[in-house]
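J.: Dumping the structure here so I can ask a few things about it.
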Amino acid sequence: MVNFEQRNTKGGTLNDVAIEGKDPQFDAWLSEQLQFDEPYLDDDGFCESVMAKLPAPSKDSERRASRSQYIAVLAASGIVAWQFPFGEVLSEAARQSISLYSLVGVGMLSSLVVMAGGIFAARR
């Protein structure tokens with residue numbers, strides 16, 4: 001196997017042409033490295049049997065994980081709310097004559113949707 005970095009470096013770093021993806025030698029080297037010509041090794045169901053013997057996750061661990069996810073989401077939301085310039089936003093909204101209630105409502109609704117989506121995705 002040819003070591004691309006040894007062949008195409010000056011001073012220990014890749015040249016700009018290779019980094020920008022315009023080097024045909026790099027493209028050839030990369031496609032060579034990404035070829036998986038390894039034969040499949042059959043394990044006669046060993047992995048499946050090991051996975052079947054593992055204990056099922058308990059309900060307590062699932063609850064603990066979901067609690068920690070909720071706490072993490074609340075902590076992150078608190079940090080964002082703490083750093084958010086509410087005063088500037090409210091004064092600009094008042095200057096633009098946007099209904100403050102609708103602006104805050106849309107913001108809260110969208111953040112709740114994003115948080116719920118994150119929790120739903122993490123649980124899958």
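Every chain in the structure tokens has a letter given in the order shown (A, B, ...), and although residue numbers restart at 1 in each chain, ligands are simply numbered from 1 in the order shown.
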I'd like the neighbourhood of Ala93 in chain A as an NGL selection string, where a residue qualifies if any of its atoms comes within 12 Å (using only C-alpha atoms), though same-chain residues fewer than 6 positions away should be ignored.
T.: :A and (86-87 or 99-104)
J.: Give me the residues near range 68-71 of chain A as a list in words, where near means some atom within 9 Å (using only C-alpha atoms) and where sequence neighbours in that chain fewer than 5 positions away do not count.
T.: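 Neighbouring residues, sequence-local ones excluded: Arg63, Ala76, Met115, Ile119 and Ala122 of chain A.
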J.: Please report, as a list of chain:residue names, each residue of chain A to which DSSP assigns strand (DSSP E or B) when run on this structure's backbone.
T.: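 The residues of chain A classed as strand (DSSP E or B) are A:Thr9, A:Lys10, A:Thr13, A:Leu14.
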